[in-house]
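Coordinates from work.cif are shown below (mmCIF, C-alpha atoms and all ligand atoms).
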```cif
data_target
loop_
_atom_site.label_atom_id
_atom_site.label_comp_id
_atom_site.auth_asym_id
_atom_site.auth_seq_id
_atom_site.Cartn_x
_atom_site.Cartn_y
_atom_site.Cartn_z
CA MET A 1 -57.01 -22.21 105.54
CA ASN A 2 -58.55 -22.92 108.93
CA LYS A 3 -60.97 -25.82 109.10
CA ASN A 4 -64.45 -25.16 110.45
CA VAL A 5 -65.20 -27.36 113.45
CA ILE A 6 -68.66 -27.68 114.96
CA ILE A 7 -68.60 -29.34 118.36
CA THR A 8 -71.49 -30.02 120.72
CA GLY A 9 -70.98 -30.08 124.48
CA HIS A 10 -67.95 -27.77 124.37
CA SER A 11 -68.57 -26.12 127.75
CA LYS A 12 -67.02 -28.74 130.04
CA GLY A 13 -65.69 -32.27 130.38
CA ILE A 14 -64.51 -34.08 127.23
CA GLY A 15 -65.78 -31.36 124.86
CA LYS A 16 -63.88 -28.61 126.67
CA CYS A 17 -60.69 -30.70 126.57
CA ILE A 18 -61.14 -31.26 122.82
CA VAL A 19 -61.59 -27.50 122.26
CA ASP A 20 -58.55 -26.64 124.42
CA LYS A 21 -56.42 -29.12 122.49
CA LEU A 22 -57.58 -27.92 119.04
CA LEU A 23 -56.95 -24.30 120.02
CA GLU A 24 -53.28 -25.11 120.70
CA THR A 25 -52.77 -25.41 116.92
CA GLU A 26 -54.52 -22.33 115.46
CA ASN A 27 -55.66 -24.59 112.58
CA PHE A 28 -59.34 -24.62 113.46
CA SER A 29 -62.24 -22.15 113.62
CA ILE A 30 -64.50 -23.60 116.28
CA THR A 31 -68.24 -23.27 116.87
CA GLY A 32 -69.24 -24.71 120.25
CA ILE A 33 -72.83 -25.65 121.09
CA SER A 34 -73.95 -26.20 124.70
CA ARG A 35 -76.58 -24.74 126.98
CA THR A 36 -73.86 -22.82 128.82
CA VAL A 37 -71.91 -20.01 127.17
CA VAL A 38 -68.57 -20.15 128.94
CA GLY A 39 -67.14 -16.93 127.52
CA ASN A 40 -64.31 -18.47 125.49
CA ILE A 41 -63.42 -15.60 123.15
CA LYS A 42 -61.33 -17.84 120.89
CA ILE A 43 -64.42 -19.65 119.61
CA ARG A 44 -67.98 -18.88 118.49
CA GLU A 45 -70.40 -20.09 121.15
CA ILE A 46 -74.07 -20.90 120.65
CA SER A 47 -76.43 -21.66 123.50
CA CYS A 48 -78.88 -24.43 122.69
CA ASP A 49 -80.66 -27.06 124.75
CA LEU A 50 -80.13 -30.14 122.58
CA SER A 51 -82.62 -32.13 124.66
CA ASN A 52 -85.35 -29.83 123.33
CA ILE A 53 -86.41 -30.86 119.82
CA ASN A 54 -87.68 -27.39 118.88
CA GLU A 55 -84.41 -25.73 119.93
CA SER A 56 -82.43 -28.35 117.98
CA LYS A 57 -84.47 -27.85 114.83
CA LYS A 58 -84.12 -24.07 115.14
CA LEU A 59 -80.35 -24.45 115.54
CA CYS A 60 -80.13 -26.67 112.45
CA ARG A 61 -82.08 -24.17 110.38
CA MET A 62 -79.82 -21.36 111.63
CA LEU A 63 -76.61 -23.24 110.74
CA SER A 64 -77.79 -24.85 107.50
CA ASP A 65 -75.68 -22.57 105.23
CA MET A 66 -72.52 -22.79 107.33
CA ASP A 67 -69.48 -24.44 105.77
CA ALA A 68 -68.25 -27.42 107.80
CA HIS A 69 -65.11 -29.55 107.67
CA ILE A 70 -65.36 -31.34 111.01
CA LEU A 71 -68.45 -32.23 113.05
CA ILE A 72 -67.80 -33.49 116.58
CA LEU A 73 -70.93 -34.87 118.22
CA ASN A 74 -70.05 -34.95 121.88
CA ALA A 75 -72.90 -33.51 124.00
CA GLY A 76 -74.65 -36.11 126.08
CA ALA A 77 -76.07 -36.75 129.54
CA ASN A 78 -77.75 -39.37 131.66
CA VAL A 79 -78.95 -40.05 135.16
CA ILE A 80 -78.14 -43.63 136.06
CA LYS A 81 -81.17 -45.27 137.67
CA PRO A 82 -83.67 -48.11 137.11
CA ALA A 83 -85.89 -47.88 134.01
CA GLU A 84 -89.14 -47.49 135.98
CA SER A 85 -87.95 -44.41 137.88
CA TYR A 86 -87.70 -42.07 134.88
CA SER A 87 -90.49 -39.63 134.05
CA LEU A 88 -91.80 -39.56 130.47
CA GLU A 89 -90.18 -36.14 130.03
CA GLU A 90 -86.80 -37.45 131.22
CA ILE A 91 -86.90 -40.34 128.75
CA ALA A 92 -87.79 -38.02 125.86
CA GLU A 93 -84.98 -35.63 126.79
CA ILE A 94 -82.42 -38.45 126.99
CA GLU A 95 -83.38 -39.81 123.58
CA ILE A 96 -83.45 -36.36 121.96
CA LEU A 97 -80.11 -35.27 123.43
CA ASN A 98 -78.21 -38.50 122.84
CA PHE A 99 -79.69 -39.64 119.53
CA ILE A 100 -82.16 -37.35 117.76
CA SER A 101 -80.26 -34.03 117.95
CA PRO A 102 -77.00 -35.66 116.74
CA SER A 103 -79.02 -37.14 113.85
CA LEU A 104 -80.44 -33.71 112.95
CA LEU A 105 -76.96 -32.16 113.02
CA ILE A 106 -75.57 -34.92 110.80
CA LYS A 107 -78.33 -34.33 108.26
CA THR A 108 -77.77 -30.55 108.41
CA PHE A 109 -74.01 -30.66 107.78
CA LEU A 110 -73.75 -33.73 105.57
CA PRO A 111 -73.73 -31.90 102.18
CA LYS A 112 -70.88 -29.59 103.29
CA LEU A 113 -68.97 -32.40 105.00
CA ILE A 114 -69.14 -34.51 101.83
CA LYS A 115 -68.13 -31.57 99.62
CA ASN A 116 -65.10 -30.89 101.86
CA LYS A 117 -64.19 -34.58 102.32
CA GLY A 118 -64.62 -33.78 106.00
CA HIS A 119 -64.64 -35.78 109.21
CA VAL A 120 -67.49 -36.73 111.55
CA ILE A 121 -66.29 -37.70 115.03
CA VAL A 122 -68.92 -39.15 117.33
CA ILE A 123 -68.46 -39.66 121.06
CA GLY A 124 -70.50 -42.78 121.77
CA SER A 125 -70.47 -44.73 124.98
CA TYR A 126 -69.56 -48.14 126.31
CA SER A 127 -73.16 -48.15 127.59
CA GLY A 128 -74.20 -48.44 123.94
CA LEU A 129 -72.22 -51.68 123.62
CA GLU A 130 -73.04 -53.56 126.80
CA VAL A 131 -76.44 -54.69 128.07
CA LYS A 132 -76.33 -54.28 131.82
CA LYS A 133 -78.65 -53.56 134.71
CA TRP A 134 -79.58 -49.82 134.81
CA ASN A 135 -78.19 -49.23 131.33
CA ASN A 136 -81.51 -48.50 129.72
CA TYR A 137 -82.71 -45.43 127.76
CA TYR A 138 -79.30 -43.77 127.52
CA GLY A 139 -77.57 -46.99 126.43
CA ALA A 140 -80.26 -47.54 123.80
CA ALA A 141 -79.88 -43.97 122.48
CA LYS A 142 -76.10 -44.37 122.26
CA ALA A 143 -76.48 -47.76 120.54
CA GLY A 144 -78.68 -46.03 117.95
CA LEU A 145 -76.05 -43.32 117.50
CA HIS A 146 -73.34 -45.98 117.05
CA HIS A 147 -75.44 -47.65 114.37
CA LEU A 148 -76.01 -44.38 112.52
CA THR A 149 -72.28 -43.58 112.65
CA ARG A 150 -71.38 -47.01 111.23
CA ASN A 151 -73.98 -46.52 108.53
CA LEU A 152 -72.54 -43.09 107.60
CA PHE A 153 -69.14 -44.63 106.99
CA GLU A 154 -70.55 -47.37 104.77
CA GLN A 155 -72.70 -44.98 102.81
CA TYR A 156 -70.18 -42.17 102.23
CA ARG A 157 -66.70 -43.74 102.42
CA ASN A 158 -66.36 -43.60 98.62
CA SER A 159 -67.15 -39.88 98.70
CA GLY A 160 -64.15 -39.32 100.96
CA LEU A 161 -66.09 -38.56 104.15
CA LYS A 162 -64.16 -39.75 107.21
CA THR A 163 -66.06 -41.14 110.16
CA THR A 164 -64.73 -42.05 113.59
CA LEU A 165 -66.71 -43.44 116.49
CA ILE A 166 -64.98 -43.06 119.86
CA ILE A 167 -66.51 -45.29 122.52
CA PRO A 168 -65.31 -44.35 126.00
CA ASP A 169 -65.92 -46.34 129.14
CA ILE A 170 -65.77 -44.41 132.45
CA VAL A 171 -64.41 -40.88 132.05
CA ASN A 172 -63.56 -38.67 135.00
CA SER A 173 -65.89 -35.75 134.17
CA GLY A 174 -68.98 -34.04 135.57
CA PHE A 175 -71.12 -36.60 133.73
CA TYR A 176 -71.96 -38.37 137.02
CA SER A 177 -73.06 -35.20 138.85
CA LYS A 178 -76.70 -36.38 139.09
CA SER A 179 -75.93 -40.07 139.64
CA GLU A 180 -75.41 -42.07 142.82
CA VAL A 181 -71.86 -42.96 141.86
CA ASN A 182 -68.66 -41.09 141.06
CA PRO A 183 -65.69 -42.16 138.95
CA VAL A 184 -62.49 -42.69 140.94
CA ASN A 185 -60.11 -39.79 140.40
CA ASP A 186 -57.20 -41.98 139.31
CA PRO A 187 -56.24 -42.68 135.66
CA ILE A 188 -56.05 -46.39 136.41
CA PHE A 189 -59.80 -46.37 137.20
CA SER A 190 -61.14 -43.64 134.93
CA ILE A 191 -60.10 -42.09 131.61
CA GLN A 192 -58.99 -38.48 131.95
CA PRO A 193 -60.97 -36.20 129.57
CA GLU A 194 -57.68 -34.57 128.49
CA GLU A 195 -56.64 -37.92 126.98
CA LEU A 196 -59.69 -37.84 124.71
CA GLY A 197 -58.82 -34.26 123.71
CA LYS A 198 -55.37 -35.52 122.68
CA LEU A 199 -56.90 -38.43 120.79
CA VAL A 200 -59.19 -36.17 118.74
CA LEU A 201 -56.35 -33.77 117.88
CA GLU A 202 -54.22 -36.74 116.83
CA LEU A 203 -57.02 -37.99 114.55
CA LEU A 204 -57.38 -34.58 112.90
CA GLU A 205 -53.73 -33.57 112.63
CA ASN A 206 -52.11 -36.87 111.74
CA ALA A 207 -54.53 -38.27 109.20
CA THR A 208 -53.66 -41.77 107.99
CA ASP A 209 -54.66 -43.48 104.74
CA TYR A 210 -56.67 -45.97 106.77
CA ILE A 211 -59.60 -44.81 108.92
CA PRO A 212 -59.40 -45.32 112.70
CA PHE A 213 -63.08 -46.03 112.52
CA GLU A 214 -64.11 -47.37 115.89
CA ILE A 215 -61.99 -46.70 118.98
CA VAL A 216 -62.99 -48.24 122.31
CA VAL A 217 -61.21 -46.60 125.26
CA ARG A 218 -61.36 -48.32 128.67
CA PRO A 219 -59.52 -47.76 131.95
CA GLN A 220 -57.26 -50.57 133.12
CA ARG A 221 -59.28 -51.28 136.28
CA PHE A 222 -62.98 -50.96 137.15
CA ARG A 223 -64.39 -49.16 140.19
CA LEU A 224 -67.10 -46.58 140.78
CA ASP A 225 -67.46 -44.98 144.20
CA LYS A 226 -70.88 -44.65 145.82
CA LYS A 227 -71.58 -41.02 146.78
CA LEU A 228 -71.88 -40.32 150.50
CA PRO A 229 -75.30 -38.97 151.56
CA LYS A 230 -75.29 -35.17 151.93
CA PRO A 231 -75.19 -34.03 155.61
CA ASP A 232 -78.49 -32.51 156.88
N1 LIG A 301 -68.12 -39.45 131.51
C1 LIG A 301 -68.26 -40.70 131.13
O1 LIG A 301 -68.02 -41.66 131.90
C2 LIG A 301 -68.67 -41.01 129.71
C3 LIG A 301 -68.55 -42.34 129.28
C4 LIG A 301 -68.93 -42.65 127.98
C5 LIG A 301 -69.42 -41.67 127.14
N2 LIG A 301 -69.54 -40.39 127.59
C6 LIG A 301 -70.06 -39.40 126.67
O2 LIG A 301 -69.13 -38.35 126.52
C7 LIG A 301 -69.81 -37.17 126.11
C8 LIG A 301 -69.32 -35.98 126.93
O3 LIG A 301 -69.66 -36.20 128.30
P1 LIG A 301 -68.72 -35.73 129.49
O4 LIG A 301 -68.22 -36.94 130.17
O5 LIG A 301 -67.75 -34.71 129.03
O6 LIG A 301 -69.83 -35.08 130.45
P2 LIG A 301 -69.97 -33.59 131.04
O7 LIG A 301 -68.72 -33.17 131.71
O8 LIG A 301 -71.23 -33.63 131.83
O9 LIG A 301 -70.16 -32.68 129.73
C9 LIG A 301 -71.31 -32.82 128.92
C10 LIG A 301 -71.33 -31.74 127.83
O10 LIG A 301 -72.57 -31.89 127.11
C11 LIG A 301 -73.32 -30.68 127.21
N3 LIG A 301 -74.74 -30.94 127.36
C12 LIG A 301 -75.35 -31.73 128.29
N4 LIG A 301 -76.68 -31.65 128.18
C13 LIG A 301 -76.91 -30.77 127.16
C14 LIG A 301 -78.09 -30.25 126.58
N5 LIG A 301 -79.32 -30.58 127.03
N6 LIG A 301 -77.98 -29.39 125.54
C15 LIG A 301 -76.76 -29.01 125.08
N7 LIG A 301 -75.60 -29.48 125.59
C16 LIG A 301 -75.68 -30.34 126.63
C17 LIG A 301 -72.82 -29.99 128.48
O11 LIG A 301 -72.99 -28.58 128.36
P3 LIG A 301 -74.10 -27.74 129.18
O12 LIG A 301 -74.31 -28.41 130.49
O13 LIG A 301 -73.49 -26.38 129.26
O14 LIG A 301 -75.31 -27.76 128.31
C18 LIG A 301 -71.32 -30.34 128.42
O15 LIG A 301 -70.63 -29.44 127.61
C19 LIG A 301 -71.30 -37.46 126.27
O16 LIG A 301 -71.86 -37.75 125.01
C20 LIG A 301 -71.34 -38.69 127.12
O17 LIG A 301 -72.48 -39.46 126.87
C21 LIG A 301 -69.17 -40.04 128.86
#
```
Before we go any further, please render this structure as structure tokens.
Ligand SMILES: NC(=O)c1ccc[n+]([C@@H]2O[C@H](COP(=O)([O-])OP(=O)(O)OC[C@H]3O[C@@H](n4cnc5c(N)ncnc54)[C@H](OP(=O)(O)O)[C@@H]3O)[C@@H](O)[C@H]2O)c1
Amino acid sequence: MNKNVIITGHSKGIGKCIVDKLLETENFSITGISRTVVGNIKIREISCDLSNINESKKLCRMLSDMDAHILILNAGANVIKPAESYSLEEIAEIEILNFISPSLLIKTFLPKLIKNKGHVIVIGSYSGLEVKKWNNYYGAAKAGLHHLTRNLFEQYRNSGLKTTLIIPDIVNSGFYSKSEVNPVNDPIFSIQPEELGKLVLELLENATDYIPFEIVVRPQRFRLDKKLPKPD
């Protein structure tokens, strides 16, 4: 029997690589949730803006009866800048996208995930671990998500629910499209999103008796490139 996977942020970057990897096996029926519908006919796609609380609640109500074996909470975004330069709307959207919507989806699927002794995989962020200049609202939202994920494991481990928190440092994806810096396109300086796709498939296909509960993934070397100003 195929396992039902719900994944947020499937349209590009890490989420797309996870979907591509899972589809290689034919063991999973995938529902992808992003704003963009990419036209992948091998999965069910749902368009939802997870930074909008009303859209997220509507989505949860719509999916509340769906059976679920695996929930992959991956969607996320940020614009890296000083705390005082965000608008109130931007802050609310960052917190809703990176913390509140994942919380609503956990609550929605928890009964089915427990019944199926399923697996919740959360893509956190190194920004949720370190306190650094310009790591403000997004880092705080991710830190909250890390805490909730750790709590889920403690609360439901005896019910058989598996929980894995993957904490990547710099990944070479479109995540930096609205920031002043870019990751260096070299695996020594930035994690390739395909590697995280492989990691998730490995977790799901080669289950161990122990739980790989918290996995921090960092590139060997550190560098971010400053973007050149656009020509007039
Ligand atoms: N790249 C990094 O350096 C890095 C480091 C640590 C952690 N992470 C985390 O990794 C996860 C994936 O990011 P990525 O690097 O793959 O970035 P990405 O290439 O920008 O992809 C982000 C994904 O999230 C979806 N998404 C963004 N805003 C959304 C919204 N408002 N509603 C619904 N879906 C939304 C995007 O789909 P649409 O645009 O179609 O909506 C896309 O599928 C995020 O949680 C991010 O915080 C990234």
- Please give me, as a PyMOL selection string, the residues lying within 6 Å of ligand LIG 301 (chain A) when counting only C-alpha atoms and all ligand atoms. chain A and resi 9-15+34-36+48-51+74-77+97+123-126+168-175
I'd like a table as CSV: residues in stretch 49-157 of chain A with an atom no more than 9 Å from stretch 188-211 of chain A, each row giving the shortest atom pair and its distance in Å to one decimal, only C-alpha atoms counted, sorted by chain and rising residue number.
```
residue,atom,partner,partner_atom,distance
A:Ile70,CA,A:Leu204,CA,8.8
A:His119,CA,A:Leu204,CA,8.2
A:Ile121,CA,A:Val200,CA,8.2
```
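Closest to A:Ile53 among A:Asp67, A:Glu95, A:Glu24, A:Glu130 is A:Glu95, based on all atoms listed in the file.
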- Task: Determine the nearest neighbour of A:Ala92 from the options A:Val216, A:Val38, A:Ile106, A:Ala141, counting all atoms listed in the file.
- Result: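 Between A:Val216, A:Val38, A:Ile106, A:Ala141, the residue approaching A:Ala92 most closely is A:Ala141.
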- Message: I'd like the interatomic distance between atom CA of A:Val122 and atom CA of A:Leu224, to a tenth of an Å.
- Response: 24.7 Å
- Selected residue, from A:Pro212, A:Asn185, A:Glu180, A:Asp65, that lies nearest to A:Pro229 when counting only C-alpha atoms: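 Checking each of A:Pro212, A:Asn185, A:Glu180, A:Asp65 against A:Pro229, counting only C-alpha atoms, the winner is A:Glu180.
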- In Å to one decimal, how far is atom CA of A:Ile6 from atom CA of A:Ala140? 24.6 Å
- Considering all atoms listed in the file, state which residue in the set A:Ile41, A:Lys3, A:Ile80, A:Pro102 is at the smallest distance from A:Leu59.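 Smallest distance to A:Leu59 is found for A:Pro102.
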- Find the residues near A:Glu214: any atom within 8 Å, counting all atoms listed in the file, skip ones fewer than 5 places away on the same chain, and give them as a PyMOL selection string. chain A and resi 164-167
Would you save the residues of that selection, restricted to C-alpha atoms, as a PDB file, in the coordinates of the input?
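part.pdb written:
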```
ATOM      1  CA  THR A 164     -64.730 -42.050 113.590  1.00  0.00           C
ATOM      2  CA  LEU A 165     -66.710 -43.440 116.490  1.00  0.00           C
ATOM      3  CA  ILE A 166     -64.980 -43.060 119.860  1.00  0.00           C
ATOM      4  CA  ILE A 167     -66.510 -45.290 122.520  1.00  0.00           C
TER       5      ILE A 167
END
```
- Message: If I take atom CA of A:Glu84 and atom CA of A:Ser179, how far is one from the other in Å, to one decimal?
- Response: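 Taking atom CA of A:Glu84 and atom CA of A:Ser179, their separation equals 15.6 Å.
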- Task: Would you kindly return, as a ChimeraX atom specification, each protein, DNA or RNA residue with an atom no farther than 12 Å from any atom of A:Val79, considering only C-alpha atoms and excluding same-chain residues fewer than 6 positions away?
- Result: /A:85-87,90-91,93-94,134-139,174-182
Using only the atoms of stretch 105-122 of chain A listed in the file, plus 5 Å on each side, state the axis-aligned box centre and edge lengths in Å rounded to one decimal, as AutoDock Vina command-line options.
```
--center_x -71.3 --center_y -34.4 --center_z 108.5 --size_x 24.1 --size_y 19.6 --size_z 27.7
```
- Counting all atoms listed in the file, the option among A:Asn27, A:Asn2, A:Thr8, A:Thr163 closest to A:Val120: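 Between A:Asn27, A:Asn2, A:Thr8, A:Thr163, the residue approaching A:Val120 most closely is A:Thr163.
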- Message: List the spatial neighbours of A:Asn158 as a list in words - criterion: any atom at most 12 Å away, all atoms listed in the file, same-chain residues fewer than 6 positions off excluded.
- Response: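 Using all atoms listed in the file, the neighbours found are Ile114, Lys117 and Leu152 of chain A.
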- Find, counting all atoms listed in the file, the residue in A:Lys142, A:Leu161, A:Lys42, A:Asn54 that gets nearest to A:Asn78. A:Lys142
- Excluding same-chain residues fewer than 2 positions from A:Cys60, what lies within 8 Å of it counting only C-alpha atoms, as a PyMOL selection string? chain A and resi 56-58+62-64+104-105+108
Could you add whatever atoms are missing so that stretch 145-171 of chain A carries N, CA, C and O atoms, then write the result as a PDB file, in the frame of the given file?
```
ATOM      1  N   LEU A 145     -77.034 -44.258 118.058  1.00  0.00           N
ATOM      2  CA  LEU A 145     -76.050 -43.320 117.500  1.00  0.00           C
ATOM      3  C   LEU A 145     -74.857 -44.091 116.923  1.00  0.00           C
ATOM      4  O   LEU A 145     -74.329 -43.728 115.867  1.00  0.00           O
ATOM      5  N   HIS A 146     -74.441 -45.156 117.595  1.00  0.00           N
ATOM      6  CA  HIS A 146     -73.340 -45.980 117.050  1.00  0.00           C
ATOM      7  C   HIS A 146     -73.751 -46.536 115.688  1.00  0.00           C
ATOM      8  O   HIS A 146     -72.978 -46.512 114.730  1.00  0.00           O
ATOM      9  N   HIS A 147     -74.970 -47.042 115.626  1.00  0.00           N
ATOM     10  CA  HIS A 147     -75.440 -47.650 114.370  1.00  0.00           C
ATOM     11  C   HIS A 147     -75.439 -46.622 113.242  1.00  0.00           C
ATOM     12  O   HIS A 147     -74.974 -46.894 112.130  1.00  0.00           O
ATOM     13  N   LEU A 148     -75.948 -45.425 113.540  1.00  0.00           N
ATOM     14  CA  LEU A 148     -76.010 -44.380 112.520  1.00  0.00           C
ATOM     15  C   LEU A 148     -74.598 -43.999 112.054  1.00  0.00           C
ATOM     16  O   LEU A 148     -74.362 -43.780 110.858  1.00  0.00           O
ATOM     17  N   THR A 149     -73.663 -43.939 112.986  1.00  0.00           N
ATOM     18  CA  THR A 149     -72.280 -43.580 112.650  1.00  0.00           C
ATOM     19  C   THR A 149     -71.661 -44.642 111.736  1.00  0.00           C
ATOM     20  O   THR A 149     -70.992 -44.330 110.746  1.00  0.00           O
ATOM     21  N   ARG A 150     -71.906 -45.907 112.078  1.00  0.00           N
ATOM     22  CA  ARG A 150     -71.380 -47.010 111.230  1.00  0.00           C
ATOM     23  C   ARG A 150     -72.010 -46.933 109.839  1.00  0.00           C
ATOM     24  O   ARG A 150     -71.344 -47.154 108.831  1.00  0.00           O
ATOM     25  N   ASN A 151     -73.285 -46.616 109.810  1.00  0.00           N
ATOM     26  CA  ASN A 151     -73.980 -46.520 108.530  1.00  0.00           C
ATOM     27  C   ASN A 151     -73.409 -45.378 107.675  1.00  0.00           C
ATOM     28  O   ASN A 151     -73.222 -45.530 106.463  1.00  0.00           O
ATOM     29  N   LEU A 152     -73.100 -44.238 108.334  1.00  0.00           N
ATOM     30  CA  LEU A 152     -72.540 -43.090 107.600  1.00  0.00           C
ATOM     31  C   LEU A 152     -71.263 -43.478 106.888  1.00  0.00           C
ATOM     32  O   LEU A 152     -71.030 -43.108 105.741  1.00  0.00           O
ATOM     33  N   PHE A 153     -70.413 -44.219 107.602  1.00  0.00           N
ATOM     34  CA  PHE A 153     -69.140 -44.630 106.990  1.00  0.00           C
ATOM     35  C   PHE A 153     -69.409 -45.487 105.755  1.00  0.00           C
ATOM     36  O   PHE A 153     -68.850 -45.235 104.680  1.00  0.00           O
ATOM     37  N   GLU A 154     -70.279 -46.474 105.903  1.00  0.00           N
ATOM     38  CA  GLU A 154     -70.550 -47.370 104.770  1.00  0.00           C
ATOM     39  C   GLU A 154     -71.131 -46.608 103.587  1.00  0.00           C
ATOM     40  O   GLU A 154     -70.786 -46.845 102.440  1.00  0.00           O
ATOM     41  N   GLN A 155     -72.008 -45.661 103.895  1.00  0.00           N
ATOM     42  CA  GLN A 155     -72.700 -44.980 102.810  1.00  0.00           C
ATOM     43  C   GLN A 155     -71.816 -43.957 102.084  1.00  0.00           C
ATOM     44  O   GLN A 155     -71.969 -43.749 100.890  1.00  0.00           O
ATOM     45  N   TYR A 156     -70.894 -43.299 102.830  1.00  0.00           N
ATOM     46  CA  TYR A 156     -70.180 -42.170 102.230  1.00  0.00           C
ATOM     47  C   TYR A 156     -68.673 -42.370 102.139  1.00  0.00           C
ATOM     48  O   TYR A 156     -67.954 -41.442 101.794  1.00  0.00           O
ATOM     49  N   ARG A 157     -68.161 -43.538 102.435  1.00  0.00           N
ATOM     50  CA  ARG A 157     -66.700 -43.740 102.420  1.00  0.00           C
ATOM     51  C   ARG A 157     -66.132 -43.473 101.034  1.00  0.00           C
ATOM     52  O   ARG A 157     -65.048 -42.918 100.899  1.00  0.00           O
ATOM     53  N   ASN A 158     -66.873 -43.824  99.984  1.00  0.00           N
ATOM     54  CA  ASN A 158     -66.360 -43.600  98.620  1.00  0.00           C
ATOM     55  C   ASN A 158     -66.428 -42.139  98.207  1.00  0.00           C
ATOM     56  O   ASN A 158     -65.850 -41.753  97.190  1.00  0.00           O
ATOM     57  N   SER A 159     -67.140 -41.326  98.977  1.00  0.00           N
ATOM     58  CA  SER A 159     -67.150 -39.880  98.700  1.00  0.00           C
ATOM     59  C   SER A 159     -66.005 -39.178  99.426  1.00  0.00           C
ATOM     60  O   SER A 159     -65.837 -37.968  99.294  1.00  0.00           O
ATOM     61  N   GLY A 160     -65.286 -39.921 100.262  1.00  0.00           N
ATOM     62  CA  GLY A 160     -64.150 -39.320 100.960  1.00  0.00           C
ATOM     63  C   GLY A 160     -64.483 -38.820 102.356  1.00  0.00           C
ATOM     64  O   GLY A 160     -63.636 -38.256 103.043  1.00  0.00           O
ATOM     65  N   LEU A 161     -65.727 -38.994 102.788  1.00  0.00           N
ATOM     66  CA  LEU A 161     -66.090 -38.560 104.150  1.00  0.00           C
ATOM     67  C   LEU A 161     -65.470 -39.515 105.171  1.00  0.00           C
ATOM     68  O   LEU A 161     -65.638 -40.725 105.083  1.00  0.00           O
ATOM     69  N   LYS A 162     -64.756 -38.930 106.144  1.00  0.00           N
ATOM     70  CA  LYS A 162     -64.160 -39.750 107.210  1.00  0.00           C
ATOM     71  C   LYS A 162     -65.149 -39.830 108.381  1.00  0.00           C
ATOM     72  O   LYS A 162     -65.840 -38.859 108.677  1.00  0.00           O
ATOM     73  N   THR A 163     -65.153 -40.956 109.024  1.00  0.00           N
ATOM     74  CA  THR A 163     -66.060 -41.140 110.160  1.00  0.00           C
ATOM     75  C   THR A 163     -65.322 -41.890 111.256  1.00  0.00           C
ATOM     76  O   THR A 163     -64.708 -42.921 110.987  1.00  0.00           O
ATOM     77  N   THR A 164     -65.369 -41.350 112.463  1.00  0.00           N
ATOM     78  CA  THR A 164     -64.730 -42.050 113.590  1.00  0.00           C
ATOM     79  C   THR A 164     -65.694 -42.081 114.767  1.00  0.00           C
ATOM     80  O   THR A 164     -66.261 -41.044 115.148  1.00  0.00           O
ATOM     81  N   LEU A 165     -65.861 -43.257 115.310  1.00  0.00           N
ATOM     82  CA  LEU A 165     -66.710 -43.440 116.490  1.00  0.00           C
ATOM     83  C   LEU A 165     -65.799 -43.750 117.682  1.00  0.00           C
ATOM     84  O   LEU A 165     -65.121 -44.774 117.690  1.00  0.00           O
ATOM     85  N   ILE A 166     -65.773 -42.825 118.647  1.00  0.00           N
ATOM     86  CA  ILE A 166     -64.980 -43.060 119.860  1.00  0.00           C
ATOM     87  C   ILE A 166     -65.929 -43.550 120.953  1.00  0.00           C
ATOM     88  O   ILE A 166     -66.947 -42.899 121.230  1.00  0.00           O
ATOM     89  N   ILE A 167     -65.608 -44.688 121.522  1.00  0.00           N
ATOM     90  CA  ILE A 167     -66.510 -45.290 122.520  1.00  0.00           C
ATOM     91  C   ILE A 167     -65.785 -45.353 123.866  1.00  0.00           C
ATOM     92  O   ILE A 167     -65.049 -46.299 124.145  1.00  0.00           O
ATOM     93  N   PRO A 168     -65.998 -44.323 124.708  1.00  0.00           N
ATOM     94  CA  PRO A 168     -65.310 -44.350 126.000  1.00  0.00           C
ATOM     95  C   PRO A 168     -66.095 -45.144 127.041  1.00  0.00           C
ATOM     96  O   PRO A 168     -67.328 -45.167 127.034  1.00  0.00           O
ATOM     97  N   ASP A 169     -65.336 -45.777 127.924  1.00  0.00           N
ATOM     98  CA  ASP A 169     -65.920 -46.340 129.140  1.00  0.00           C
ATOM     99  C   ASP A 169     -65.918 -45.204 130.181  1.00  0.00           C
ATOM    100  O   ASP A 169     -66.143 -44.051 129.794  1.00  0.00           O
ATOM    101  N   ILE A 170     -65.625 -45.444 131.407  1.00  0.00           N
ATOM    102  CA  ILE A 170     -65.770 -44.410 132.450  1.00  0.00           C
ATOM    103  C   ILE A 170     -64.745 -43.289 132.296  1.00  0.00           C
ATOM    104  O   ILE A 170     -63.540 -43.529 132.282  1.00  0.00           O
ATOM    105  N   VAL A 171     -65.263 -42.063 132.173  1.00  0.00           N
ATOM    106  CA  VAL A 171     -64.410 -40.880 132.050  1.00  0.00           C
ATOM    107  C   VAL A 171     -64.596 -40.021 133.300  1.00  0.00           C
ATOM    108  O   VAL A 171     -65.721 -39.864 133.797  1.00  0.00           O
TER     109      VAL A 171
END
```
